[in-house]
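Single-structure report; data block below.
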4 protein chains.
Amino acid sequence: MLIVMRPDATAQDIERVNDEIRRRGWRPHPIPGGSRTAVGITGNPGAVEPEPFRVLPGVADAVSISQPFKLVSREVKPDDTRFSLGNLEIGGNALHVLAGPCSVESREQILSTAHAVKASGATFLRGGAFKPRTSPYEFQGLKQDGLELLAAARKETGLRVVTEVKDVETLASVAEHTDMLQIGARNMQNFSLLEAVGDLRKPVLLKRGMSATIKELLMAAEYIVARGNTQVILCERGIRTFETMTRNTLDLNAVPILKNLSHLPVFVDPSHGIGVRKAVPAMCRAAVAVGADGLIIEVHPNPPMAKSDGFQSLDFDEFERTMGEVRAVAQALGRSVARLG
Amino acid sequence: MLIVMRPDATAQDIERVNDEIRRRGWRPHPIPGGSRTAVGITGNPGAVEPEPFRVLPGVADAVSISQPFKLVSREVKPDDTRFSLGNLEIGGNALHVLAGPCSVESREQILSTAHAVKASGATFLRGGAFKPRTSPYEFQGLKQDGLELLAAARKETGLRVVTEVKDVETLASVAEHTDMLQIGARNMQNFSLLEAVGDLRKPVLLKRGMSATIKELLMAAEYIVARGNTQVILCERGIRTFETMTRNTLDLNAVPILKNLSHLPVFVDPSHGIGVRKAVPAMCRAAVAVGADGLIIEVHPNPPMAKSDGFQSLDFDEFERTMGEVRAVAQALGRSVARLG
Amino acid sequence: MLIVMRPDATAQDIERVNDEIRRRGWRPHPIPGGSRTAVGITGNPGAVEPEPFRVLPGVADAVSISQPFKLVSREVKPDDTRFSLGNLEIGGNALHVLAGPCSVESREQILSTAHAVKASGATFLRGGAFKPRTSPYEFQGLKQDGLELLAAARKETGLRVVTEVKDVETLASVAEHTDMLQIGARNMQNFSLLEAVGDLRKPVLLKRGMSATIKELLMAAEYIVARGNTQVILCERGIRTFETMTRNTLDLNAVPILKNLSHLPVFVDPSHGIGVRKAVPAMCRAAVAVGADGLIIEVHPNPPMAKSDGFQSLDFDEFERTMGEVRAVAQALGRSVARLG
Amino acid sequence: MLIVMRPDATAQDIERVNDEIRRRGWRPHPIPGGSRTAVGITGNPGAVEPEPFRVLPGVADAVSISQPFKLVSREVKPDDTRFSLGNLEIGGNALHVLAGPCSVESREQILSTAHAVKASGATFLRGGAFKPRTSPYEFQGLKQDGLELLAAARKETGLRVVTEVKDVETLASVAEHTDMLQIGARNMQNFSLLEAVGDLRKPVLLKRGMSATIKELLMAAEYIVARGNTQVILCERGIRTFETMTRNTLDLNAVPILKNLSHLPVFVDPSHGIGVRKAVPAMCRAAVAVGADGLIIEVHPNPPMAKSDGFQSLDFDEFERTMGEVRAVAQALGRSVARLG
């Protein structure tokens, strides 16, 4: 159930609605929009009778919601969600490109990459410090040292930093050193972690699980937003199919479907999505054309020597060329690519 | 094994190579390229010794081929395959858009659609006359009458015509009335039908089976080319995954992978691929951006009243707008969209 | 719509119902049951009004059917379908085991296998004469010679014979030499072939397509039954998933679901299903335990030397041991394994 | 690399091998077997030279391992892993049945179920206290109260208790109240949680992720065993496919493949695997026939009223009948079903 306020509703009117919801033992979620506020209700055991709300002052309508996701739904909030990090706006007309190595490997590696991707037009530096790996015997990242190298690169270049947080234990430290938290595909349904990042007020890049449905991705985002953190970016990163010539199958179909169902920004990770270096630029172009609000691309000074994911990382020249194509497609469709101020 | 001839090899040199291959009980397949000819070998039970071929006059090299597909492989023929229908070239810089209804339903329906898609810039009219349907109780197409309506629309508009052939029995009649034969997803491994179209000299649009691997699609094309028909277009049309919000999952990853492995043109069918009308334009844009050589799009005068696939068909206005976006993306990437002469 | 007759309805009553159906331009399908007859209706464009039928003499009820499949549905015919080949009954308490090589390779091979599988308790000899192969360069079977070798083995051992028919062109010849026709996974939606075998009166073993849903398998069977051939066996043979350690994923879940939805017998092909020789016996035991009415198992005198599918074929000793386990599981669950008279 | 000791090797010989491994900066993992001990090596950056180990006293051989999983591999430890909880042995000839509701809902519910499943022959009571749910608005379990109700049921009936642990935060509490820890499908690659249960010395039932490969399941188990906890049970619980008539596709193929690759016990969860109440008994029978070492079955006093998973839970009578079939199949194949002492 969603209580839609009139454009001229007062703060008092909204509070009155909140009170009525709380009085029934439920939780109100005021959602400010462009011209009016709506109030979502959660915690209700079944259907909610609309009539008692329709008669309250300032209420335009009370409408039931047909999907199991509520706060992330476009039914609840028709306008696109936008939010700012300093002078950068996420979710607006300008796309963001997040670029960098799979893993932070050394000071030299991360700094040289940061300078290169900044020069080509990225706004964020990505890089893994805590790496979840299929095998316990694979490189697990530089951990705390990696976080500090990322922070150093941020200081030196002005790039924002995004890195993966893999458990509640290391969340505080990761949050301290980065501008955006990434939840990896394997943790998309780690609900304890989702709730913990939901309690922060920091942007979250939520990757789709490798065989998660679109609905499950939205429900995972709902876990975060229901705790009050509305700065969530949905990220398509490839699903698991029968095909073996690609690492995953980047599901670009998800982008228009998600944009239609939800007001949250949608990013795409072509590097993990197809997992074949030579084909990554084509998937970047397609992701922009299909309507993505941002890209996350693996870039490494020397892909064949990378400690992880070298087979899908671009080198600096390839990234520079790809950014040119990305800008060309964006412009052809009336969008732009964000740049550092 | 592939025998690569020198640029200055004579017709006699090539024939000598063919003879040597035949003498061993195998089949030669001369493949003319831009600057030189190569000769593929099939029918060999195991590995072929290169030495006896390397010493023949006009032979530059004899190289083994690492993939199970041969004649369709870019290892065998590095240059893109291009072929012409009258003054239209398939596989070149200019993309083709094939548009029309899922099923031919009536004279009025097919003629109005033909005029509309021509006006918006399609070069081919698509439309099903013989419809393979999951249920024996669903509309199976107008059959012979449908073919004749397509031919009438071709005559009236100058559009080329593509339609599906579903069995060997009706092949001759379909081939007579159309410019390009479509093999549907369910028939991708109907090897008897592949061999029959391989014996013709007419372009074939070969759709990927709904859970066919990229390798299997290429092997199916190999069946056609091995019979001598080299005018084959590979068509991605969506694969089957666990997702239920879309009809299929359009696998745009397949496009750069196919273009890399094979010299054949690659088309994309966004309509069946995602199966959600509202999301079809986004997938059309992405298909162009990813590198497709053509699109096949379902268009109907009145989608909600269509006898089949109305939920994924564009109306005339939506198609017109989509063509504008398609042209914008193509131009941004240095390609164009073909037009009728 | 299904017209259910009373137990005491006369042949005249039934013919009257048929006439009423035909008078509307539809087709009646009388389905005799244990105690009463039902009449299915096909060809109706939409919902059928039950009232005009309920008032006819001998009619007990007129009920609508909730699934898109009709004639194969247990709603239409609650009793299991059973049919006989000579003194063998398919679909009854006794399971059948169909065994033999993937391909007929030679007289010696097929005869030695026939004797061995008969001695171990198979009732049918299987073996491919016309082989659909992914690559045009792989062994395509002995074709007509293979059919004759199968017929010779039948004559010498008394085993019934089942083999695959891959196109309409060779159907008459295959039907002449065999007791049961197999439609392979790749042809499950080759509707022209389904209609052609539907016009015969010979048992058909219909294999599930490699990513066909359960509903699609039932619709394919409906194509055959709607042409009047009611002797159809549904065969689970493995679906395509992301797993690479097995050839396919044998979907035993399909067996209880199919038995619940349909009255047709359900067989299982563990050899193709898992495609790993060492694991085939375990899957045979599980197929019996889950409720299969028959098994089709690849057996070869010398699996490592087989021209096709040796990696999943049992040798004679392994087959003998497997049959012992199959009988043990069947008996534990109150079923038996059929033997030649 | 695996150092295989001679049957007569002394404890000193083994310690000498361990020292040599540690001296190189790697970690030794002694694995006692029936007749001899082997020592696995982890932490080595690349291939290990076997010669320096082969010459040590008591060493029979040094063999390289071809799979990425080591400690869970049958190459490393050929004998089946067995372990005891009191007088119950897991992994031996006798199968275990773990039964109970999806969620602990009330004292009355869990006690009545405990008595019923004990009477029918279960050895373990299952029941969720901390429930990971797709939606934040669904019932999340009774949490700590649920754990205490499980402990009360254990005290009253003597049944062992297994329940899911969903995060590191609640692990200590869950471990205190239960005999076996369950890691759910969504947490199969929650590596922090795997490491935490690896540090305990309590049996772990590790469920396969919903699209995890067999290799990934084994690598997840490797995470636990590498921390020293060798009491790990692998559990197949259904994978995600395109089929919509079942909740998941129970992959019984995984059982013989896992038993062949690994020495760990393999259990099966038919309830989640097929997710259709009527079909659960058939999948239980098949799981036993295919070689499972145990079953985990959802049982509820009144399935239609269950707070979660009622559509796949058996009632007491259905469970009693299913246990009869399970015992019949087990006995037919020379196995038995374990009973409380």
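Lettering and numbering for the structure tokens are positional, with chains as A, B, ... in the shown order, residues counted from 1 in each chain, and ligands counted from 1 in the shown order.
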All strand (DSSP E or B) residues (DSSP, backbone) inside stretch 4-210 of chain B, as a PyMOL selection string: chain B and resi 4-5+27-32+37-42+59-63+73+83-85+88-90+94-100+103+124-126+128+160-164+180-183+204-207
Keeping only N, CA and C atoms, take the residues you just selected and write them out as a short mmCIF file (atom, residue, chain, number, x, y, z; two decimals), in the first residue's frame.
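Heads up, here's the output in selection_0.cif:
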data_model
loop_
_atom_site.label_atom_id
_atom_site.label_comp_id
_atom_site.auth_asym_id
_atom_site.auth_seq_id
_atom_site.Cartn_x
_atom_site.Cartn_y
_atom_site.Cartn_z
N VAL B 4 46.48 -22.98 -47.75
CA VAL B 4 46.45 -21.55 -48.10
C VAL B 4 47.31 -21.34 -49.35
N MET B 5 46.70 -20.83 -50.41
CA MET B 5 47.43 -20.63 -51.67
C MET B 5 48.17 -19.29 -51.63
N ARG B 27 37.17 -34.35 -49.53
CA ARG B 27 36.51 -33.34 -50.37
C ARG B 27 37.21 -31.99 -50.23
N PRO B 28 37.57 -31.37 -51.38
CA PRO B 28 38.14 -30.02 -51.32
C PRO B 28 37.03 -28.97 -51.34
N HIS B 29 37.26 -27.86 -50.62
CA HIS B 29 36.31 -26.74 -50.62
C HIS B 29 37.09 -25.45 -50.88
N PRO B 30 37.26 -25.06 -52.13
CA PRO B 30 37.99 -23.82 -52.42
C PRO B 30 37.20 -22.61 -51.88
N ILE B 31 37.90 -21.72 -51.19
CA ILE B 31 37.26 -20.56 -50.57
C ILE B 31 37.99 -19.32 -51.04
N PRO B 32 37.43 -18.62 -52.06
CA PRO B 32 38.14 -17.44 -52.58
C PRO B 32 38.12 -16.32 -51.55
N THR B 37 43.28 -17.48 -52.38
CA THR B 37 42.31 -18.56 -52.17
C THR B 37 42.85 -19.53 -51.13
N ALA B 38 41.94 -20.10 -50.35
CA ALA B 38 42.32 -21.19 -49.45
C ALA B 38 41.45 -22.39 -49.82
N VAL B 39 41.92 -23.57 -49.51
CA VAL B 39 41.14 -24.78 -49.81
C VAL B 39 40.95 -25.55 -48.51
N GLY B 40 39.70 -25.66 -48.07
CA GLY B 40 39.40 -26.46 -46.89
C GLY B 40 39.27 -27.93 -47.27
N ILE B 41 39.50 -28.80 -46.31
CA ILE B 41 39.38 -30.24 -46.55
C ILE B 41 38.35 -30.79 -45.59
N THR B 42 37.40 -31.55 -46.11
CA THR B 42 36.50 -32.28 -45.22
C THR B 42 36.49 -33.74 -45.66
N VAL B 59 51.29 -23.27 -53.36
CA VAL B 59 50.82 -23.40 -51.97
C VAL B 59 51.70 -22.56 -51.05
N ALA B 60 51.07 -21.70 -50.26
CA ALA B 60 51.82 -20.88 -49.31
C ALA B 60 52.02 -21.63 -47.99
N ASP B 61 50.96 -22.30 -47.55
CA ASP B 61 51.04 -22.98 -46.26
C ASP B 61 49.91 -23.99 -46.13
N ALA B 62 50.10 -24.92 -45.20
CA ALA B 62 49.04 -25.87 -44.85
C ALA B 62 48.91 -25.79 -43.34
N VAL B 63 47.74 -25.35 -42.87
CA VAL B 63 47.60 -25.12 -41.43
C VAL B 63 46.43 -25.93 -40.87
N SER B 73 34.61 -20.94 -40.46
CA SER B 73 35.57 -20.38 -39.51
C SER B 73 36.37 -19.24 -40.11
N PHE B 83 27.47 -10.77 -49.51
CA PHE B 83 26.81 -11.22 -50.74
C PHE B 83 25.69 -10.26 -51.07
N SER B 84 25.28 -10.31 -52.35
CA SER B 84 24.33 -9.31 -52.83
C SER B 84 23.01 -9.93 -53.24
N LEU B 85 21.94 -9.19 -52.98
CA LEU B 85 20.64 -9.49 -53.56
C LEU B 85 20.30 -8.27 -54.40
N LEU B 88 21.38 -4.77 -53.21
CA LEU B 88 21.59 -4.75 -51.75
C LEU B 88 22.74 -5.66 -51.38
N GLU B 89 23.63 -5.16 -50.53
CA GLU B 89 24.72 -6.00 -50.06
C GLU B 89 24.51 -6.36 -48.59
N ILE B 90 24.60 -7.64 -48.30
CA ILE B 90 24.50 -8.14 -46.92
C ILE B 90 25.91 -8.37 -46.40
N ALA B 94 26.83 -1.42 -44.25
CA ALA B 94 25.44 -1.01 -44.00
C ALA B 94 24.63 -2.15 -43.39
N LEU B 95 23.98 -1.85 -42.30
CA LEU B 95 23.09 -2.81 -41.63
C LEU B 95 21.78 -2.94 -42.38
N HIS B 96 21.16 -4.10 -42.31
CA HIS B 96 19.82 -4.27 -42.87
C HIS B 96 18.81 -4.44 -41.75
N VAL B 97 17.63 -3.85 -41.95
CA VAL B 97 16.53 -4.08 -41.02
C VAL B 97 15.42 -4.83 -41.76
N LEU B 98 15.08 -6.00 -41.20
CA LEU B 98 14.02 -6.85 -41.74
C LEU B 98 12.83 -6.67 -40.81
N ALA B 99 11.69 -6.28 -41.33
CA ALA B 99 10.58 -5.95 -40.44
C ALA B 99 9.27 -6.46 -41.01
N GLY B 100 8.34 -6.73 -40.12
CA GLY B 100 7.03 -7.17 -40.53
C GLY B 100 6.37 -7.99 -39.45
N SER B 103 3.01 -13.28 -38.21
CA SER B 103 2.28 -14.07 -39.21
C SER B 103 1.66 -13.16 -40.25
N PHE B 124 13.83 -5.35 -46.02
CA PHE B 124 13.17 -6.65 -46.17
C PHE B 124 11.85 -6.65 -45.41
N LEU B 125 10.87 -7.33 -45.99
CA LEU B 125 9.61 -7.61 -45.29
C LEU B 125 9.68 -9.01 -44.72
N ARG B 126 9.43 -9.16 -43.43
CA ARG B 126 9.36 -10.50 -42.85
C ARG B 126 7.90 -10.83 -42.60
N GLY B 128 5.43 -14.65 -41.40
CA GLY B 128 5.35 -16.10 -41.39
C GLY B 128 4.16 -16.60 -42.18
N ARG B 160 12.48 -6.69 -50.35
CA ARG B 160 12.80 -8.10 -50.42
C ARG B 160 11.97 -8.83 -49.38
N VAL B 161 11.83 -10.15 -49.52
CA VAL B 161 10.99 -10.92 -48.61
C VAL B 161 11.78 -12.06 -47.97
N VAL B 162 11.59 -12.21 -46.65
CA VAL B 162 12.18 -13.35 -45.93
C VAL B 162 11.05 -14.04 -45.17
N THR B 163 11.01 -15.36 -45.24
CA THR B 163 10.00 -16.11 -44.48
C THR B 163 10.57 -17.45 -44.07
N GLU B 164 9.94 -18.04 -43.07
CA GLU B 164 10.46 -19.29 -42.51
C GLU B 164 10.04 -20.49 -43.35
N MET B 180 14.88 -14.71 -49.26
CA MET B 180 15.75 -15.26 -48.23
C MET B 180 14.94 -16.26 -47.42
N LEU B 181 15.57 -17.41 -47.11
CA LEU B 181 14.90 -18.46 -46.35
C LEU B 181 15.29 -18.37 -44.89
N GLN B 182 14.31 -18.42 -44.02
CA GLN B 182 14.62 -18.43 -42.59
C GLN B 182 14.47 -19.84 -42.04
N ILE B 183 15.50 -20.30 -41.32
CA ILE B 183 15.40 -21.56 -40.57
C ILE B 183 15.15 -21.18 -39.12
N VAL B 204 20.26 -17.81 -46.60
CA VAL B 204 19.59 -18.48 -45.49
C VAL B 204 19.86 -17.71 -44.21
N LEU B 205 18.78 -17.35 -43.50
CA LEU B 205 18.89 -16.73 -42.18
C LEU B 205 18.71 -17.85 -41.17
N LEU B 206 19.79 -18.23 -40.50
CA LEU B 206 19.78 -19.41 -39.62
C LEU B 206 19.66 -18.95 -38.17
N LYS B 207 18.52 -19.24 -37.56
CA LYS B 207 18.32 -18.80 -36.18
C LYS B 207 18.93 -19.79 -35.20
#
With a distance cut-off of 8 Å and only C-alpha atoms, select the neighbouring residues of B:Leu234, excluding the residue or stretch itself and same-chain residues fewer than 4 positions from it, and output the selection as a PDB file with C-alpha atoms, in the first residue's frame.
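Okay, result05.pdb is ready:
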ATOM      1  CA  LEU B 205      18.891 -16.731 -42.182  1.00  0.00           C
ATOM      2  CA  LEU B 206      19.776 -19.405 -39.619  1.00  0.00           C
ATOM      3  CA  LYS B 207      18.322 -18.801 -36.178  1.00  0.00           C
ATOM      4  CA  ARG B 208      20.080 -20.064 -33.090  1.00  0.00           C
ATOM      5  CA  LEU B 217      25.058 -22.748 -34.181  1.00  0.00           C
ATOM      6  CA  ALA B 221      25.822 -23.332 -40.462  1.00  0.00           C
ATOM      7  CA  LEU B 264      29.519 -14.987 -41.697  1.00  0.00           C
ATOM      8  CA  PRO B 265      27.197 -11.989 -41.143  1.00  0.00           C
ATOM      9  CA  VAL B 266      25.409 -11.926 -37.784  1.00  0.00           C
ATOM     10  CA  PHE B 267      21.867 -10.622 -37.364  1.00  0.00           C
TER      11      PHE B 267
END
Which residue of D:Pro52, D:Pro270, D:Gly86, D:Gly209 approaches chain A most closely, using only C-alpha atoms: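 Once distances to chain A are computed over only C-alpha atoms, the minimum belongs to D:Gly209.
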Shell of 12 Å around B:Val337, only C-alpha atoms, local chain residues under 6 positions omitted, as a VMD selection string: chain B and resid 88 to 98 120 to 123 288 292 to 295 323 to 331
Residues of chain C within 10 Å of chain D, only C-alpha atoms counted, as a ChimeraX atom specification: /C:211-215,238-246,248-257,259-260,270,273-276,278-291,324-333
DSSP-assigned helix (DSSP H, G or I) among stretch 169-261 of chain D, expressed as a VMD selection string: chain D and resid 171 to 177 185 to 187 191 to 198 214 to 226 254 to 261
Pairwise distance for atom CA of A:Leu193 and atom CA of A:Glu169, rounded to one decimal in Å: 9.5 Å
